[in-house]
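As provided, start-v8.cif (mmCIF, C-alpha atoms; chains and numbers go by the auth columns) reads as follows.
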```
data_upload
loop_
_atom_site.group_PDB
_atom_site.id
_atom_site.type_symbol
_atom_site.label_atom_id
_atom_site.label_comp_id
_atom_site.label_asym_id
_atom_site.label_seq_id
_atom_site.Cartn_x
_atom_site.Cartn_y
_atom_site.Cartn_z
_atom_site.B_iso_or_equiv
_atom_site.auth_seq_id
_atom_site.auth_asym_id
ATOM 1 C CA ARG A 1 -75.857 -33.436 -36.861 0.00 1 A
ATOM 2 C CA PHE A 2 -72.394 -34.461 -35.660 0.00 2 A
ATOM 3 C CA PRO A 3 -70.906 -34.510 -32.175 0.00 3 A
ATOM 4 C CA VAL A 4 -68.550 -31.593 -31.591 0.00 4 A
ATOM 5 C CA ARG A 5 -65.657 -33.963 -30.737 0.00 5 A
ATOM 6 C CA LEU A 6 -65.663 -35.313 -34.296 0.00 6 A
ATOM 7 C CA PHE A 7 -65.125 -31.940 -36.030 0.00 7 A
ATOM 8 C CA PRO A 8 -61.321 -31.732 -35.621 0.00 8 A
ATOM 9 C CA GLU A 9 -60.863 -35.116 -37.287 0.00 9 A
ATOM 10 C CA MET A 10 -63.449 -34.329 -39.997 0.00 10 A
ATOM 11 C CA MET A 11 -61.717 -31.064 -40.878 0.00 11 A
ATOM 12 C CA GLN A 12 -58.353 -32.857 -41.119 0.00 12 A
ATOM 13 C CA ARG A 13 -59.686 -35.539 -43.417 0.00 13 A
ATOM 14 C CA MET A 14 -62.028 -33.264 -45.445 0.00 14 A
ATOM 15 C CA PRO A 15 -60.427 -29.881 -46.254 0.00 15 A
ATOM 16 C CA VAL A 16 -63.451 -28.942 -48.382 0.00 16 A
ATOM 17 C CA LEU A 17 -65.557 -29.074 -45.210 0.00 17 A
ATOM 18 C CA VAL A 18 -63.434 -26.300 -43.709 0.00 18 A
ATOM 19 C CA GLU A 19 -64.080 -24.096 -46.727 0.00 19 A
ATOM 20 C CA ARG A 20 -67.798 -24.780 -46.550 0.00 20 A
ATOM 21 C CA LEU A 21 -67.981 -24.085 -42.811 0.00 21 A
ATOM 22 C CA VAL A 22 -66.087 -20.824 -43.247 0.00 22 A
ATOM 23 C CA GLY A 23 -68.511 -19.818 -45.999 0.00 23 A
ATOM 24 C CA ILE A 24 -71.532 -20.652 -43.842 0.00 24 A
ATOM 25 C CA MET A 25 -70.149 -18.714 -40.878 0.00 25 A
ATOM 26 C CA SER A 26 -69.335 -15.744 -43.102 0.00 26 A
ATOM 27 C CA ASP A 27 -72.881 -15.750 -44.445 0.00 27 A
ATOM 28 C CA ARG A 28 -74.285 -15.844 -40.921 0.00 28 A
ATOM 29 C CA VAL A 29 -72.054 -12.964 -39.828 0.00 29 A
ATOM 30 C CA ARG A 30 -73.187 -10.895 -42.810 0.00 30 A
ATOM 31 C CA GLU A 31 -76.831 -11.684 -42.115 0.00 31 A
ATOM 32 C CA SER A 32 -76.439 -10.780 -38.464 0.00 32 A
ATOM 33 C CA THR A 33 -74.636 -7.524 -39.349 0.00 33 A
ATOM 34 C CA THR A 34 -77.316 -6.621 -41.886 0.00 34 A
ATOM 35 C CA LEU A 35 -80.078 -7.237 -39.354 0.00 35 A
ATOM 36 C CA ASP A 36 -78.259 -5.107 -36.782 0.00 36 A
ATOM 37 C CA GLN A 37 -77.831 -2.303 -39.315 0.00 37 A
ATOM 38 C CA GLN A 38 -81.485 -2.466 -40.304 0.00 38 A
ATOM 39 C CA GLN A 39 -82.515 -2.358 -36.662 0.00 39 A
ATOM 40 C CA ASP A 40 -80.261 0.661 -36.057 0.00 40 A
ATOM 41 C CA LYS A 41 -81.757 2.389 -39.085 0.00 41 A
ATOM 42 C CA LEU A 42 -85.298 1.696 -37.868 0.00 42 A
ATOM 43 C CA ILE A 43 -84.447 3.077 -34.429 0.00 43 A
ATOM 44 C CA ALA A 44 -82.885 6.172 -36.008 0.00 44 A
ATOM 45 C CA LEU A 45 -85.894 6.574 -38.302 0.00 45 A
ATOM 46 C CA GLY A 46 -88.245 6.300 -35.336 0.00 46 A
ATOM 47 C CA LYS A 47 -86.349 9.014 -33.457 0.00 47 A
ATOM 48 C CA LEU A 48 -86.244 11.185 -36.562 0.00 48 A
ATOM 49 C CA SER A 49 -89.977 10.733 -37.151 0.00 49 A
ATOM 50 C CA ALA A 50 -90.808 11.539 -33.536 0.00 50 A
ATOM 51 C CA GLY A 51 -88.630 14.646 -33.638 0.00 51 A
ATOM 52 C CA LEU A 52 -90.102 15.777 -36.951 0.00 52 A
ATOM 53 C CA ALA A 53 -93.649 15.216 -35.705 0.00 53 A
ATOM 54 C CA HIS A 54 -92.904 17.337 -32.648 0.00 54 A
ATOM 55 C CA GLU A 55 -91.315 20.115 -34.716 0.00 55 A
ATOM 56 C CA LEU A 56 -94.195 20.101 -37.201 0.00 56 A
ATOM 57 C CA ASN A 57 -96.859 20.048 -34.527 0.00 57 A
ATOM 58 C CA ASN A 58 -95.992 23.463 -33.084 0.00 58 A
ATOM 59 C CA PRO A 59 -96.264 25.533 -36.305 0.00 59 A
ATOM 60 C CA ALA A 60 -99.204 23.428 -37.515 0.00 60 A
ATOM 61 C CA ALA A 61 -101.104 24.061 -34.285 0.00 61 A
ATOM 62 C CA GLY A 62 -100.201 27.742 -34.469 0.00 62 A
ATOM 63 C CA ALA A 63 -101.432 28.021 -38.051 0.00 63 A
ATOM 64 C CA THR A 64 -104.699 26.252 -37.187 0.00 64 A
ATOM 65 C CA ARG A 65 -105.306 28.493 -34.185 0.00 65 A
ATOM 66 C CA ALA A 66 -104.524 31.639 -36.189 0.00 66 A
ATOM 67 C CA ALA A 67 -106.773 30.504 -39.046 0.00 67 A
ATOM 68 C CA ASN A 68 -109.696 29.961 -36.657 0.00 68 A
ATOM 69 C CA ASP A 69 -109.111 33.372 -35.068 0.00 69 A
ATOM 70 C CA LEU A 70 -108.889 34.928 -38.530 0.00 70 A
ATOM 71 C CA LEU A 71 -112.311 33.553 -39.464 0.00 71 A
ATOM 72 C CA GLU A 72 -113.827 35.149 -36.356 0.00 72 A
ATOM 73 C CA THR A 73 -111.995 38.403 -37.039 0.00 73 A
ATOM 74 C CA LEU A 74 -113.356 38.501 -40.583 0.00 74 A
ATOM 75 C CA LYS A 75 -116.871 38.154 -39.186 0.00 75 A
ATOM 76 C CA ASP A 76 -116.239 41.110 -36.886 0.00 76 A
ATOM 77 C CA LEU A 77 -114.769 43.044 -39.808 0.00 77 A
ATOM 78 C CA ARG A 78 -117.877 42.496 -41.929 0.00 78 A
ATOM 79 C CA ALA A 79 -120.059 43.650 -39.041 0.00 79 A
ATOM 80 C CA ALA A 80 -117.923 46.778 -38.581 0.00 80 A
ATOM 81 C CA ASP A 81 -118.153 47.504 -42.308 0.00 81 A
ATOM 82 C CA MET A 82 -121.949 47.249 -42.181 0.00 82 A
ATOM 83 C CA ARG A 83 -122.138 49.639 -39.234 0.00 83 A
ATOM 84 C CA LEU A 84 -119.740 52.050 -40.920 0.00 84 A
ATOM 85 C CA CYS A 85 -121.833 52.126 -44.092 0.00 85 A
ATOM 86 C CA ALA A 86 -124.746 53.495 -42.062 0.00 86 A
ATOM 87 C CA HIS A 87 -122.811 56.713 -41.357 0.00 87 A
ATOM 88 C CA ASP A 88 -122.931 57.797 -45.008 0.00 88 A
ATOM 89 C CA LEU A 89 -119.330 59.038 -45.018 0.00 89 A
ATOM 90 C CA THR A 90 -118.069 61.366 -47.717 0.00 90 A
ATOM 91 C CA THR A 91 -115.414 60.273 -50.186 0.00 91 A
ATOM 92 C CA ARG A 92 -112.833 62.397 -48.398 0.00 92 A
ATOM 93 C CA GLN A 93 -113.687 60.829 -45.051 0.00 93 A
ATOM 94 C CA GLN A 94 -113.453 57.347 -46.526 0.00 94 A
ATOM 95 C CA GLU A 95 -110.055 58.200 -47.995 0.00 95 A
ATOM 96 C CA SER A 96 -108.887 59.441 -44.592 0.00 96 A
ATOM 97 C CA ILE A 97 -109.948 56.183 -42.953 0.00 97 A
ATOM 98 C CA ASP A 98 -108.257 54.158 -45.701 0.00 98 A
ATOM 99 C CA ALA A 99 -105.020 56.133 -45.308 0.00 99 A
ATOM 100 C CA PHE A 100 -105.136 55.639 -41.538 0.00 100 A
ATOM 101 C CA GLU A 101 -105.612 51.890 -41.950 0.00 101 A
ATOM 102 C CA ARG A 102 -102.825 51.548 -44.522 0.00 102 A
ATOM 103 C CA LYS A 103 -100.386 53.454 -42.361 0.00 103 A
ATOM 104 C CA ALA A 104 -101.294 51.358 -39.339 0.00 104 A
ATOM 105 C CA ILE A 105 -100.952 48.037 -41.180 0.00 105 A
ATOM 106 C CA ASP A 106 -97.640 49.030 -42.799 0.00 106 A
ATOM 107 C CA HIS A 107 -96.244 50.116 -39.430 0.00 107 A
ATOM 108 C CA THR A 108 -97.264 46.831 -37.814 0.00 108 A
ATOM 109 C CA ALA A 109 -95.531 44.843 -40.546 0.00 109 A
ATOM 110 C CA THR A 110 -92.246 46.764 -40.550 0.00 110 A
ATOM 111 C CA ALA A 111 -91.684 48.431 -37.175 0.00 111 A
ATOM 112 C CA LYS A 112 -89.588 46.930 -34.391 0.00 112 A
ATOM 113 C CA GLN A 113 -91.495 45.588 -31.433 0.00 113 A
ATOM 114 C CA LEU A 114 -91.492 47.793 -28.341 0.00 114 A
ATOM 115 C CA ASN A 115 -90.138 46.529 -25.064 0.00 115 A
ATOM 116 C CA SER A 116 -92.799 45.393 -22.614 0.00 116 A
ATOM 117 C CA LEU A 117 -92.588 48.522 -20.426 0.00 117 A
ATOM 118 C CA ASP A 118 -92.993 50.993 -23.311 0.00 118 A
ATOM 119 C CA GLN A 119 -95.750 48.848 -24.814 0.00 119 A
ATOM 120 C CA SER A 120 -97.638 48.865 -21.507 0.00 120 A
ATOM 121 C CA ASP A 121 -97.263 52.620 -21.024 0.00 121 A
ATOM 122 C CA ARG A 122 -98.514 53.394 -24.520 0.00 122 A
ATOM 123 C CA GLU A 123 -101.413 50.966 -24.171 0.00 123 A
ATOM 124 C CA ASP A 124 -102.462 52.783 -21.003 0.00 124 A
ATOM 125 C CA GLU A 125 -102.313 56.106 -22.839 0.00 125 A
ATOM 126 C CA VAL A 126 -104.400 54.834 -25.753 0.00 126 A
ATOM 127 C CA SER A 127 -106.874 53.106 -23.420 0.00 127 A
ATOM 128 C CA GLU A 128 -107.400 56.344 -21.536 0.00 128 A
ATOM 129 C CA TRP A 129 -108.076 58.181 -24.809 0.00 129 A
ATOM 130 C CA LEU A 130 -110.540 55.513 -25.903 0.00 130 A
ATOM 131 C CA GLU A 131 -112.327 55.595 -22.560 0.00 131 A
ATOM 132 C CA ALA A 132 -112.524 59.392 -22.697 0.00 132 A
ATOM 133 C CA HIS A 133 -114.259 59.084 -26.069 0.00 133 A
ATOM 134 C CA GLU A 134 -116.644 56.407 -24.771 0.00 134 A
ATOM 135 C CA ILE A 135 -115.215 53.556 -26.847 0.00 135 A
ATOM 136 C CA ALA A 136 -116.440 50.252 -25.412 0.00 136 A
ATOM 137 C CA GLU A 137 -113.876 47.694 -24.202 0.00 137 A
ATOM 138 C CA PRO A 138 -110.806 49.807 -25.047 0.00 138 A
ATOM 139 C CA TRP A 139 -108.390 47.112 -23.854 0.00 139 A
ATOM 140 C CA GLN A 140 -109.365 45.025 -26.865 0.00 140 A
ATOM 141 C CA MET A 141 -108.093 47.739 -29.225 0.00 141 A
ATOM 142 C CA SER A 142 -105.213 49.382 -27.392 0.00 142 A
ATOM 143 C CA ALA A 143 -102.582 46.662 -27.995 0.00 143 A
ATOM 144 C CA ASN A 144 -103.194 46.506 -31.756 0.00 144 A
ATOM 145 C CA LEU A 145 -103.292 50.294 -32.085 0.00 145 A
ATOM 146 C CA VAL A 146 -100.023 50.733 -30.187 0.00 146 A
ATOM 147 C CA GLU A 147 -98.323 48.030 -32.273 0.00 147 A
ATOM 148 C CA ALA A 148 -99.532 49.983 -35.311 0.00 148 A
ATOM 149 C CA GLY A 149 -97.700 53.069 -34.055 0.00 149 A
ATOM 150 C CA MET A 150 -100.848 54.902 -33.021 0.00 150 A
ATOM 151 C CA ASP A 151 -100.985 57.159 -29.984 0.00 151 A
ATOM 152 C CA SER A 152 -103.491 59.672 -28.655 0.00 152 A
ATOM 153 C CA ALA A 153 -102.194 62.363 -31.028 0.00 153 A
ATOM 154 C CA ALA A 154 -102.729 60.149 -34.084 0.00 154 A
ATOM 155 C CA LEU A 155 -106.214 59.264 -32.863 0.00 155 A
ATOM 156 C CA GLU A 156 -107.022 62.953 -32.375 0.00 156 A
ATOM 157 C CA ARG A 157 -105.993 63.655 -35.961 0.00 157 A
ATOM 158 C CA LEU A 158 -108.259 60.865 -37.175 0.00 158 A
ATOM 159 C CA LEU A 159 -111.088 62.213 -35.051 0.00 159 A
ATOM 160 C CA GLY A 160 -110.704 65.581 -36.741 0.00 160 A
ATOM 161 C CA GLU A 161 -111.331 64.015 -40.149 0.00 161 A
ATOM 162 C CA ILE A 162 -114.395 61.865 -39.417 0.00 162 A
ATOM 163 C CA PRO A 163 -117.758 62.415 -37.680 0.00 163 A
ATOM 164 C CA ALA A 164 -117.556 61.911 -33.920 0.00 164 A
ATOM 165 C CA THR A 165 -120.511 59.526 -34.119 0.00 165 A
ATOM 166 C CA ALA A 166 -118.519 57.228 -36.408 0.00 166 A
ATOM 167 C CA THR A 167 -115.412 57.040 -34.207 0.00 167 A
ATOM 168 C CA ALA A 168 -116.292 53.765 -32.468 0.00 168 A
ATOM 169 C CA ASP A 169 -117.161 51.982 -35.711 0.00 169 A
ATOM 170 C CA VAL A 170 -114.094 53.338 -37.516 0.00 170 A
ATOM 171 C CA LEU A 171 -111.783 52.156 -34.748 0.00 171 A
ATOM 172 C CA ALA A 172 -113.564 48.792 -34.597 0.00 172 A
ATOM 173 C CA ARG A 173 -112.920 48.343 -38.307 0.00 173 A
ATOM 174 C CA VAL A 174 -109.299 49.473 -37.978 0.00 174 A
ATOM 175 C CA ASN A 175 -108.777 47.084 -35.080 0.00 175 A
ATOM 176 C CA CYS A 176 -110.193 44.195 -37.133 0.00 176 A
ATOM 177 C CA GLN A 177 -107.957 45.095 -40.070 0.00 177 A
ATOM 178 C CA LEU A 178 -104.898 45.099 -37.810 0.00 178 A
ATOM 179 C CA ALA A 179 -105.899 41.836 -36.154 0.00 179 A
ATOM 180 C CA ALA A 180 -106.500 40.171 -39.524 0.00 180 A
ATOM 181 C CA ALA A 181 -103.123 41.337 -40.854 0.00 181 A
ATOM 182 C CA LYS A 182 -101.369 40.043 -37.734 0.00 182 A
ATOM 183 C CA LEU A 183 -103.090 36.655 -37.942 0.00 183 A
ATOM 184 C CA ALA A 184 -102.269 36.333 -41.636 0.00 184 A
ATOM 185 C CA SER A 185 -98.629 37.033 -40.784 0.00 185 A
ATOM 186 C CA GLU A 186 -98.710 34.324 -38.099 0.00 186 A
ATOM 187 C CA ILE A 187 -100.129 31.819 -40.580 0.00 187 A
ATOM 188 C CA LYS A 188 -97.439 32.727 -43.106 0.00 188 A
ATOM 189 C CA THR A 189 -94.692 32.302 -40.511 0.00 189 A
ATOM 190 C CA ALA A 190 -96.049 28.934 -39.368 0.00 190 A
ATOM 191 C CA THR A 191 -96.502 27.508 -42.860 0.00 191 A
ATOM 192 C CA THR A 192 -93.054 28.751 -43.879 0.00 192 A
ATOM 193 C CA ARG A 193 -91.592 26.882 -40.907 0.00 193 A
ATOM 194 C CA ILE A 194 -93.441 23.727 -41.961 0.00 194 A
ATOM 195 C CA SER A 195 -92.092 24.050 -45.508 0.00 195 A
ATOM 196 C CA GLU A 196 -88.566 24.498 -44.171 0.00 196 A
ATOM 197 C CA LEU A 197 -88.852 21.354 -42.034 0.00 197 A
ATOM 198 C CA VAL A 198 -90.240 19.298 -44.920 0.00 198 A
ATOM 199 C CA GLY A 199 -87.500 20.611 -47.206 0.00 199 A
ATOM 200 C CA ALA A 200 -84.823 19.715 -44.660 0.00 200 A
ATOM 201 C CA ILE A 201 -86.082 16.157 -44.234 0.00 201 A
ATOM 202 C CA LYS A 202 -86.365 15.685 -48.004 0.00 202 A
ATOM 203 C CA GLU A 203 -82.807 16.909 -48.432 0.00 203 A
ATOM 204 C CA TYR A 204 -81.623 14.609 -45.641 0.00 204 A
ATOM 205 C CA SER A 205 -83.285 11.549 -47.179 0.00 205 A
ATOM 206 C CA TYR A 206 -82.347 12.451 -50.821 0.00 206 A
ATOM 207 C CA MET A 207 -86.040 12.327 -51.737 0.00 207 A
ATOM 208 C CA ASP A 208 -85.784 15.608 -53.606 0.00 208 A
ATOM 209 C CA GLN A 209 -83.113 14.459 -56.073 0.00 209 A
ATOM 210 C CA ALA A 210 -84.272 13.981 -59.641 0.00 210 A
ATOM 211 C CA SER A 211 -83.580 10.586 -61.190 0.00 211 A
ATOM 212 C CA VAL A 212 -80.895 10.577 -63.873 0.00 212 A
#
```
Rewrite the coordinates I just gave you, this time as structure tokens.
Amino acid sequence: RFPVRLFPEMMQRMPVLVERLVGIMSDRVRESTTLDQQQDKLIALGKLSAGLAHELNNPAAGATRAANDLLETLKDLRAADMRLCAHDLTTRQQESIDAFERKAIDHTATAKQLNSLDQSDREDEVSEWLEAHEIAEPWQMSANLVEAGMDSAALERLLGEIPATATADVLARVNCQLAAAKLASEIKTATTRISELVGAIKEYSYMDQASV
């Protein structure tokens, strides 16, 4: 340790001291700069991690919710199948139901979504038809049936191909099929979003590059 007042004279008499002091100060500047850069990187990483966690949470929560709903829907579907088996349908009637279901599912997957007013009007129409045919809790079916492109005319055609006593169980099964297809689509959308986010972060951090 030397008093500050002695340094000017020491540097005049010992040029090598100047070189050494410059080297020490340069090292300290580099160390300080490196620490600042590391701190900035940690802050940026923290923000990136928080943002990624938030972005991942939404589709992950959606996929979990849809998966839980799908499990319940599959239970209802099995119950509807068991009730439908008791009607002893002919092969032709079973084929008619299968064709109705396929058409409904395909329409749901490919058709454009109706605006809210048209959707509401058609749901009211379908609900009225269901109520007229003594289908319990029609509001639980009307939305899915309308999204599947079904109206009262389509339901009348189906009714003409199956026993009237089986109508409720047929529509319950169809509704479960539509609900299951919709939930599966939601899970696919959510998991695709998660994969996209993971792929983007891997690309950003060069984690996905193969070593040469």
### Query
Selected by the PyMOL selection byres ((chain A and resi 183) around 12) in the shown coordinates: which residues, as number ranges by chain?
A: 62-74, 108-109, 144, 176-182, 184-190
Distance table requested - range 149-200 of chain A against range 111-121 of chain A, cut-off 12 Å, all atoms listed in the file: one row per qualifying residue with the closest atom pair and its distance in Å to one decimal, ordered by chain and rising residue number, as a tab-separated table.
```
residue	atom	partner	partner_atom	distance
A:Gly149	CA	A:Ala111	CA	8.2
A:Met150	CA	A:Gln119	CA	11.4
A:Asp151	CA	A:Asp121	CA	10.7
```
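Rounded to one decimal, CA of Ala148 in chain A and CA of Glu196 in chain A lie 29.1 Å from each other.
Pairwise distance (CA of Glu55 in chain A, CA of Thr191 in chain A) equals 12.2 Å.
Excluding range 40-46 of chain A itself and any same-chain residue fewer than 5 positions from it, the protein and nucleic acid residues within 12 Å of it, counting only C-alpha atoms, are Thr33, Thr34, Leu35, Gly51, Leu52, Ala53, Ile201, Tyr204 and Ser205 of chain A.
As for CA of Thr192 in chain A and CA of Lys47 in chain A, they are spaced 23.3 Å apart.
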With all atoms of range 18-24 of chain A from the file as input, state the centre and edge lengths in Å to one decimal of the axis-aligned box that has 8 Å extra on each side, as JSON.
```
{"center_x": -67.5, "center_y": -23.1, "center_z": -44.8, "size_x": 24.1, "size_y": 22.5, "size_z": 19.9}
```
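If all atoms listed in the file are the atoms counted, then among A:Ala99, A:Leu89, A:Leu145, A:Val16 the closest residue to Asp124 in chain A is A:Leu145.
Candidate residues A:Ala136, A:Glu95, A:Asp106, A:Glu131 were compared for distance to Glu161 in chain A, and the nearest is A:Glu95, using all atoms listed in the file.
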